[in-house]
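Everything on this sheet refers to the single structure shown next.
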Amino acid sequence: MLRSLVHIWMAIFLTAPLFGQHLQRCGTIKYQDDISSSSIFSTTSAWNRGVLGFELVIHVVQMPNQDPISDQQILNQIEVLNAAFMGEQLSQSTIPAAFASSIDIPNFSFCLATQDPDGQPTTGIIRKETEVIHIAATDNIKSSFTGGSDAWDPSRYVNIWIGDTGGLFIGRATFPGAVPEENQGIIMDVNYFGGAADLIGKAPYNLGKTLVHELGHFFGLEHTWGSSLTDCSMDDGIADTPSTASTYLNTCLNEAYTCGSMDMTGNFMTYSNDACLAYFTKGQIALMRLVILQYRPELISTCVGQDIQGADLKTQVKAADLSGWLVQFESANAMDDIQYVLYNLGGQSIVSGSTEANEQVFLPMSNAPRGIYILAVVQGAEKQALKLFR
């Protein structure tokens, strides 16, 4: 169970670049904020299993003499994100037996934006030249007024800025609800953005997993050690991530112990080497999804859409009006019933039920207020989620 009050933290960065110091893996530091959880969000609920999509806007801000980040490099980084958040790296070799029952797949999908805020076609990649040295070391990169690139609507897009941090940090994220909208997003150092083919010679951060870690912060997760590395009682507030007293920076350990128990050295929210980072826990996933509902619901995007085609299951909204939605479930799997739950943004179940494959279901909404709703659909191993508007 998640705590009823979970502390999460935002990034505050007020210092000048500390050139010559050891490279800092994550520049996200703490600022207290509260997110109230609910018993509705059990780690086994349908809401915690459906696939959620998110559109990215990549702001590449570089000086004219710097080697450019290629489109392929950006696509390689997105491939790393999808592999991590869709569980493609999970196997018996990456999950310690002690944590097998705690680890799960977030089922988050990421893609480049295809329409800009005005509805015009876009590649989702913005390139800006700047004359500001080490512009990514501060939030100057987030504003055209200070030589950077302005955020696109942060309620609709995940803004990611790439630039030179002067070697101060690799990545830094903002926590939800903790900074002005125009500053929400993630900064990545230009030298550590991409996939394995782009990061040769950048070990131990050479597989592109720093951005996975920073997106964990963006969706509300703390480091596994919480607010203190010396006090084992100050953890991340999530029951299935054991208390730990080490960052595991520059290490790749299969088994390690602090605070009287085995640590999750392969959890994405540690500082372990990229080669060792492999998983999130059910509690972390439940918290990220709760944060999305409470703080970032409109981010759920057309990466998922209103018509979803899975391996066997296709979910399609056939008709919609103020009285409700008519939803068609088509599936090649006739063995398993289809479970569905319609949630409002407060996490309350509005309509739920079960049906056979290749059936239509009407979701009545006559007495429901206008707004955004999430339809979670599960059949066997397939999991889907649709964002619906009323």
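Convention: chains lettered A, B, ... in structure tokens order; per-chain residue numbering from 1; ligands numbered from 1 as shown.
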(message) I need the residues in range 157-365 of chain A that are alpha helix (DSSP H) according to DSSP; give them as a count of residues only.
(response) 23
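Counting only C-alpha atoms, range 215-221 of chain A has the following residues at most 7 Å away, ignoring those fewer than 5 positions along the same chain: Ile8, Ala173, Thr174, Phe175, Pro176, Gln284, Met288, Val291 and Ile292 of chain A.
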(message) Let's see if you can do this: from backbone DSSP, list all strand (DSSP E) residues in range 315-361 of chain A, as a ChimeraX atom specification.
(response) /A:315-321,324-331,338-344,349-355,359-361
(message) Please report the interatomic distance between CA of Ile135 in chain A and CA of Ile187 in chain A in Å with one decimal.
(response)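 Separation between CA of Ile135 in chain A and CA of Ile187 in chain A: 10.4 Å.
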(message) Under the rule that only C-alpha atoms are counted, which of A:Pro364, A:Pro369, A:Gly353, A:Gly167 is the nearest residue to Tyr340 in chain A?
(response)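 Nearest to Tyr340 in chain A: A:Gly353.
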(request) Please provide as a ChimeraX atom specification all residues within 8 Å of range 239-250 of chain A, with the sequence filter that same-chain residues fewer than 3 positions apart are discarded (counting only C-alpha atoms). (result) /A:1-3,102,204,224-225,228-236,257-259,261-265,270-273,281-283
File of the preceding selection, N, CA and C atoms, as a short mmCIF file (atom, residue, chain, number, x, y, z; two decimals), in the first residue's frame:
```
data_model
loop_
_atom_site.label_atom_id
_atom_site.label_comp_id
_atom_site.auth_asym_id
_atom_site.auth_seq_id
_atom_site.Cartn_x
_atom_site.Cartn_y
_atom_site.Cartn_z
N MET A 1 0.84 -1.20 0.00
CA MET A 1 0.00 0.00 0.00
C MET A 1 0.88 1.25 0.00
N LEU A 2 0.43 2.25 -0.75
CA LEU A 2 1.13 3.52 -0.71
C LEU A 2 0.73 4.28 0.54
N ARG A 3 1.62 5.12 1.02
CA ARG A 3 1.25 5.95 2.16
C ARG A 3 0.14 6.91 1.76
N SER A 102 7.41 -8.02 -6.65
CA SER A 102 7.25 -6.57 -6.51
C SER A 102 7.39 -5.82 -7.82
N PRO A 204 29.82 4.98 -17.35
CA PRO A 204 28.78 3.95 -17.20
C PRO A 204 27.36 4.42 -17.55
N THR A 224 15.26 6.02 -4.49
CA THR A 224 14.86 4.95 -3.58
C THR A 224 15.27 5.23 -2.14
N TRP A 225 16.28 6.06 -1.92
CA TRP A 225 16.71 6.37 -0.55
C TRP A 225 15.93 7.53 0.05
N SER A 228 17.01 11.03 2.73
CA SER A 228 18.22 10.93 3.54
C SER A 228 18.97 9.65 3.21
N LEU A 229 20.30 9.78 3.10
CA LEU A 229 21.14 8.60 2.90
C LEU A 229 21.68 8.06 4.21
N THR A 230 21.42 8.75 5.31
CA THR A 230 21.95 8.33 6.61
C THR A 230 20.87 7.84 7.55
N ASP A 231 19.61 8.14 7.25
CA ASP A 231 18.50 7.75 8.12
C ASP A 231 17.62 6.77 7.36
N CYS A 232 17.67 5.51 7.75
CA CYS A 232 16.93 4.47 7.03
C CYS A 232 15.41 4.61 7.17
N SER A 233 14.95 5.44 8.08
CA SER A 233 13.51 5.64 8.22
C SER A 233 12.98 6.66 7.21
N MET A 234 13.87 7.40 6.54
CA MET A 234 13.46 8.42 5.58
C MET A 234 13.59 7.85 4.18
N ASP A 235 12.56 7.08 3.75
CA ASP A 235 12.65 6.45 2.45
C ASP A 235 11.80 7.19 1.43
N ASP A 236 11.46 6.53 0.33
CA ASP A 236 10.72 7.18 -0.75
C ASP A 236 9.21 7.11 -0.57
N TYR A 257 23.33 -4.88 0.45
CA TYR A 257 22.45 -4.74 1.61
C TYR A 257 22.79 -3.46 2.37
N THR A 258 21.76 -2.70 2.71
CA THR A 258 21.84 -1.61 3.69
C THR A 258 20.52 -1.60 4.43
N CYS A 259 20.43 -0.90 5.52
CA CYS A 259 19.19 -0.76 6.29
C CYS A 259 18.58 -2.12 6.66
N SER A 261 18.28 -4.90 4.93
CA SER A 261 17.61 -5.71 3.91
C SER A 261 18.32 -5.53 2.58
N MET A 262 17.97 -6.39 1.64
CA MET A 262 18.55 -6.33 0.31
C MET A 262 18.03 -5.11 -0.43
N ASP A 263 18.91 -4.42 -1.13
CA ASP A 263 18.54 -3.20 -1.86
C ASP A 263 18.21 -3.51 -3.32
N MET A 264 17.39 -2.63 -3.89
CA MET A 264 17.04 -2.76 -5.31
C MET A 264 18.07 -2.02 -6.15
N THR A 265 19.23 -2.61 -6.33
CA THR A 265 20.29 -1.92 -7.06
C THR A 265 19.96 -1.73 -8.54
N THR A 270 17.65 4.49 -8.77
CA THR A 270 18.96 4.56 -8.12
C THR A 270 19.94 5.21 -9.09
N TYR A 271 21.21 5.32 -8.66
CA TYR A 271 22.26 5.85 -9.52
C TYR A 271 23.15 4.75 -10.09
N SER A 272 22.69 3.51 -10.06
CA SER A 272 23.50 2.43 -10.60
C SER A 272 23.84 2.68 -12.07
N ASN A 273 24.89 2.00 -12.54
CA ASN A 273 25.29 2.11 -13.95
C ASN A 273 24.13 1.71 -14.86
N THR A 281 8.89 -0.82 -9.55
CA THR A 281 8.04 -1.70 -8.76
C THR A 281 6.57 -1.36 -8.96
N LYS A 282 5.72 -2.27 -8.50
CA LYS A 282 4.28 -2.04 -8.59
C LYS A 282 3.87 -0.77 -7.85
N GLY A 283 4.48 -0.54 -6.68
CA GLY A 283 4.16 0.67 -5.93
C GLY A 283 4.60 1.92 -6.65
#
```
(message) Ranking A:Gln66, A:Leu207, A:Ser366, A:Gln339 by minimum distance to Ser354 in chain A and counting only C-alpha atoms, which one comes first?
(response)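 Among the listed residues, the smallest separation from Ser354 in chain A belongs to A:Gln339.
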(message) So that I can see what lies close to Asp150 in chain A, please list as JSON, numbers by chain the residues with an atom at most 12 Å from it, counting only C-alpha atoms and leaving out residues fewer than 3 positions away in the same chain.
(response) {"A": [57, 58, 59, 60, 61, 126, 127, 128, 139, 140, 141, 142, 143, 144, 145, 146, 147, 153, 154, 159, 160, 161, 181, 182, 183, 184, 185]}
(request) Identify which of the residues A:Ile374, A:Asp198, A:Tyr279, A:Asp164 lies closest to Ala100 in chain A, counting only C-alpha atoms when measuring atom-to-atom distances. (result)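 Smallest distance to Ala100 in chain A is found for A:Tyr279.
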